[in-house]
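Data block below; observations after.
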Amino acid sequence: MAVRLFEGKDHAAAYLQYRVAPLELISRIMSYMEKKTTNRFNLAVDVGCGSGQGTVLLAPYFTNIVGTDISPAQLEMAKAQSNPPNVSYRECPAEELSFASGEVDLLSAMTAAHWFNHQKFLLEADRVLRPGGCLALLSYTMDFELEYGDISDKLNDICKEFYAALLPFRDPHIGTNSVKIYSDMFESCSYPDKEWVECLRVKRTMPLNRYIGMVETFSSYQKLLQKDPTEAKRLSNDIRNKLLSAMNTSSNPEVTVVVKYFYWLARKP
């Protein structure tokens with residue numbers, strides 16, 4: 001990987017607790033793969049798997065699924081979960097996968113590929129994929145939206161304050177918008193059978209505190225936390241209190257969080 005992040009145990013635990021598992025995206029990936037074959041697939045490799053929320057979603061469709069990551073802390077969290085028997089994990093870089101050439105049916109990266117060395121990763125993906133195998137890269141924009149009664153717009157104005165405060169702490173490797181990274185990778189992929197989806201809105205209902213926890217797992221928030229823990233916690237608490245005030249409650253209300261995914265799929269000739 002080009003950038004090493006998410007390696008502290010506390011961050012790995014928060015990642016497992018708060019990140020959204022992209023079930024809807026798995027359905028899209030499998031529909032794409034099954035257009036050309038209905039056979040059961042043998043091997044899926046989920047690169048940059050983190051704590052494995054997305055990896056385990058592949059279990060019903062493949063004989064074996066292997067999640068890979070360079071973070072021992074993330075892999076420790078993944079292995080500690082109640083994993084299906086056909087799911088396992090390995091520590092290795094995205095650009096140097098420990099699989100034979102032409103061995104992999106699906107190579108996925110869920111909210112991770114922006115951290116890779118993009119050209120080296122695409123070459124490695126081409127090496128390990130079998131002819132007809134699929135590459136699936138997905139991520140989401142960091143401007144989550146909230147839906148709550150008739151005050152959603154007011155809440156989202158407050159959320160924008162949160163994101164704006166974190167923007168200066170985004171890693172320069174991904175810049176202000178990671179969508180361009182993925183679109184550039186899509187354009188550089190030579191496979192003729194490929195598709196790009198700009199936005200798929202995925203909704204999850206959760207307590208407000210979980211939404212705050214999700215934002216706190218962002219690399220930008222973690223960078224602020226390392227630089228100034230007091231300011232990071234002040235920011236989180238200030239945003240939480242503003243949202244609670246707008247909702248006229250002091251409890252931990254349920255809100256609908258809208259995550260805006262983008263993704264691309266490509267089939268090796």
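Residue numbering restarts at 1 in every chain; chains get A, B, ... in the order shown in the structure tokens, and ligands count up from 1 in that same order.
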As an MDAnalysis selection string, which residues of segment 4-241 of chain A does DSSP assign to alpha helix (DSSP H)?
chainID A and resid 9:18 23:34 72:80 118:128 152:166 179:188 208:216 219:227 229:241
Can you tell me, as a compact mmCIF listing (two decimals) with C-alpha atoms, in the first residue's frame, which residues in segment 31-223 of chain A count as strand (DSSP E) by DSSP?
# COMPACT_ATOMS: atom_id res chain seq x y z
CA PHE A 41 -17.17 -19.12 -7.79
CA ASN A 42 -14.09 -20.48 -6.06
CA LEU A 43 -11.99 -17.64 -4.64
CA ALA A 44 -12.71 -14.04 -3.66
CA VAL A 45 -9.98 -11.78 -2.28
CA ASP A 46 -11.00 -8.63 -0.40
CA VAL A 47 -8.01 -6.28 -0.38
CA PHE A 62 -17.62 -18.26 -3.00
CA THR A 63 -15.99 -21.47 -1.89
CA ASN A 64 -13.22 -19.48 -0.20
CA ILE A 65 -12.86 -15.83 0.74
CA VAL A 66 -9.59 -14.29 1.90
CA GLY A 67 -9.38 -10.79 3.37
CA THR A 68 -5.98 -9.12 3.11
CA ASP A 69 -4.61 -6.07 4.90
CA VAL A 87 -13.47 -16.87 5.40
CA SER A 88 -9.81 -16.39 6.33
CA TYR A 89 -7.36 -13.49 6.54
CA ARG A 90 -3.78 -12.77 5.46
CA GLU A 91 -1.36 -9.93 6.03
CA VAL A 104 -8.83 -15.26 -8.20
CA ASP A 105 -12.47 -15.00 -9.33
CA LEU A 106 -13.20 -11.69 -7.59
CA LEU A 107 -10.78 -9.09 -6.35
CA SER A 108 -12.56 -6.43 -4.30
CA ALA A 109 -11.44 -3.36 -2.38
CA MET A 110 -14.07 -1.74 -0.19
CA LEU A 129 -7.44 -12.53 -11.69
CA ARG A 130 -8.44 -15.45 -13.87
CA PRO A 131 -9.77 -14.74 -17.37
CA GLY A 132 -13.37 -13.66 -16.78
CA GLY A 133 -12.58 -12.69 -13.20
CA CYS A 134 -13.94 -9.45 -11.77
CA LEU A 135 -12.31 -6.41 -10.19
CA ALA A 136 -14.63 -4.42 -7.91
CA LEU A 137 -13.57 -1.13 -6.32
CA LEU A 138 -15.97 0.84 -4.16
CA SER A 139 -15.92 3.71 -1.73
CA TYR A 140 -18.11 6.58 -0.54
CA GLU A 145 -26.45 13.07 5.18
CA LEU A 146 -29.00 12.72 7.97
CA GLU A 147 -32.74 12.25 7.57
CA ASP A 193 -16.12 -4.85 -20.12
CA LYS A 194 -16.44 -2.37 -17.27
CA GLU A 195 -18.97 -0.04 -15.67
CA TRP A 196 -18.84 3.03 -13.43
CA VAL A 197 -21.62 4.07 -11.02
CA GLU A 198 -21.34 7.61 -9.69
CA CYS A 199 -23.73 7.37 -6.76
CA LEU A 200 -25.69 4.68 -4.92
CA ARG A 201 -27.42 6.02 -1.82
CA VAL A 202 -27.34 3.50 1.02
CA LYS A 203 -29.47 4.25 4.09
CA ARG A 204 -28.96 2.96 7.62
CA THR A 205 -31.02 3.84 10.70
CA MET A 206 -28.88 4.17 13.80
CA PRO A 207 -28.52 6.15 17.04
Distance query Gln74 of chain A at most 6 Å, only C-alpha atoms, self and fewer than 2 positions along chain excluded, as an MDAnalysis selection string
chainID A and resid 12 50:51 71:72 76:77
Could the residues of segment 204-240 of chain A that have an atom at most 12 Å from segment 172-179 of chain A be listed as a Markdown table, each with its closest atom pair and the distance in Å to one decimal, counting only C-alpha atoms and ordered by chain and ascending residue number?
| residue | atom | partner | partner_atom | distance |
| --- | --- | --- | --- | --- |
| A:Ser219 | CA | A:Ile174 | CA | 10.5 |
| A:Ser220 | CA | A:Pro172 | CA | 10.3 |
| A:Lys223 | CA | A:Pro172 | CA | 11.9 |
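Considering the residues A:Ile70, A:Lys268, A:Phe169, A:Tyr261 and counting only C-alpha atoms, Gly102 of chain A has its shortest atom-to-atom contact with A:Lys268.
Surrounding segment 234-251 of chain A within 8 Å are Ile151, Lys154, Leu155, Ile158, Cys159, Glu161, Phe162, Leu208, Asn209, Ile212, Glu216, Thr230 and Glu231 of chain A, with only C-alpha atoms counted and residues fewer than 3 positions along the same chain left out.
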Output file for the selection above: N, CA, C and O atoms, as a PDB file, in the first residue's frame:
ATOM      1  N   ILE A 151     -36.714  18.228   9.590  1.00  0.00           N
ATOM      2  CA  ILE A 151     -35.588  19.139   9.864  1.00  0.00           C
ATOM      3  C   ILE A 151     -34.282  18.601   9.286  1.00  0.00           C
ATOM      4  O   ILE A 151     -33.197  18.983   9.724  1.00  0.00           O
ATOM      5  N   LYS A 154     -31.778  21.246   8.091  1.00  0.00           N
ATOM      6  CA  LYS A 154     -31.120  21.943   9.193  1.00  0.00           C
ATOM      7  C   LYS A 154     -30.007  21.075   9.784  1.00  0.00           C
ATOM      8  O   LYS A 154     -28.909  21.564  10.075  1.00  0.00           O
ATOM      9  N   LEU A 155     -30.281  19.785   9.942  1.00  0.00           N
ATOM     10  CA  LEU A 155     -29.264  18.878  10.476  1.00  0.00           C
ATOM     11  C   LEU A 155     -28.070  18.783   9.539  1.00  0.00           C
ATOM     12  O   LEU A 155     -26.915  18.748   9.985  1.00  0.00           O
ATOM     13  N   ILE A 158     -25.578  21.498   9.811  1.00  0.00           N
ATOM     14  CA  ILE A 158     -24.690  21.278  10.952  1.00  0.00           C
ATOM     15  C   ILE A 158     -23.627  20.236  10.601  1.00  0.00           C
ATOM     16  O   ILE A 158     -22.441  20.400  10.926  1.00  0.00           O
ATOM     17  N   CYS A 159     -24.041  19.164   9.924  1.00  0.00           N
ATOM     18  CA  CYS A 159     -23.083  18.128   9.508  1.00  0.00           C
ATOM     19  C   CYS A 159     -22.002  18.708   8.598  1.00  0.00           C
ATOM     20  O   CYS A 159     -20.825  18.323   8.687  1.00  0.00           O
ATOM     21  N   GLU A 161     -20.717  21.565   8.797  1.00  0.00           N
ATOM     22  CA  GLU A 161     -19.726  22.207   9.653  1.00  0.00           C
ATOM     23  C   GLU A 161     -18.679  21.187  10.117  1.00  0.00           C
ATOM     24  O   GLU A 161     -17.481  21.496  10.192  1.00  0.00           O
ATOM     25  N   PHE A 162     -19.148  19.995  10.441  1.00  0.00           N
ATOM     26  CA  PHE A 162     -18.274  18.902  10.880  1.00  0.00           C
ATOM     27  C   PHE A 162     -17.261  18.576   9.782  1.00  0.00           C
ATOM     28  O   PHE A 162     -16.041  18.538   9.998  1.00  0.00           O
ATOM     29  N   LEU A 208     -27.889   8.483  16.970  1.00  0.00           N
ATOM     30  CA  LEU A 208     -27.063   9.625  16.584  1.00  0.00           C
ATOM     31  C   LEU A 208     -25.602   9.417  16.980  1.00  0.00           C
ATOM     32  O   LEU A 208     -24.696   9.778  16.230  1.00  0.00           O
ATOM     33  N   ASN A 209     -25.369   8.839  18.151  1.00  0.00           N
ATOM     34  CA  ASN A 209     -23.994   8.639  18.611  1.00  0.00           C
ATOM     35  C   ASN A 209     -23.200   7.724  17.678  1.00  0.00           C
ATOM     36  O   ASN A 209     -21.984   7.852  17.568  1.00  0.00           O
ATOM     37  N   ILE A 212     -21.931   9.907  14.856  1.00  0.00           N
ATOM     38  CA  ILE A 212     -20.744  10.640  15.308  1.00  0.00           C
ATOM     39  C   ILE A 212     -19.536   9.709  15.323  1.00  0.00           C
ATOM     40  O   ILE A 212     -18.439  10.071  14.881  1.00  0.00           O
ATOM     41  N   GLU A 216     -15.905   9.879  13.319  1.00  0.00           N
ATOM     42  CA  GLU A 216     -14.651   9.848  14.082  1.00  0.00           C
ATOM     43  C   GLU A 216     -13.692   8.770  13.581  1.00  0.00           C
ATOM     44  O   GLU A 216     -12.501   8.815  13.910  1.00  0.00           O
ATOM     45  N   THR A 230      -7.838  17.261  22.539  1.00  0.00           N
ATOM     46  CA  THR A 230      -8.853  18.108  23.182  1.00  0.00           C
ATOM     47  C   THR A 230      -9.741  18.772  22.138  1.00  0.00           C
ATOM     48  O   THR A 230     -10.967  18.808  22.263  1.00  0.00           O
ATOM     49  N   GLU A 231      -9.131  19.301  21.081  1.00  0.00           N
ATOM     50  CA  GLU A 231      -9.893  19.953  20.030  1.00  0.00           C
ATOM     51  C   GLU A 231     -10.770  18.955  19.275  1.00  0.00           C
ATOM     52  O   GLU A 231     -11.906  19.263  18.913  1.00  0.00           O
TER      53      GLU A 231
END
To one decimal in Å, tell me the separation between atom CA of Met142 of chain A and atom CA of Asp157 of chain A.
14.3 Å
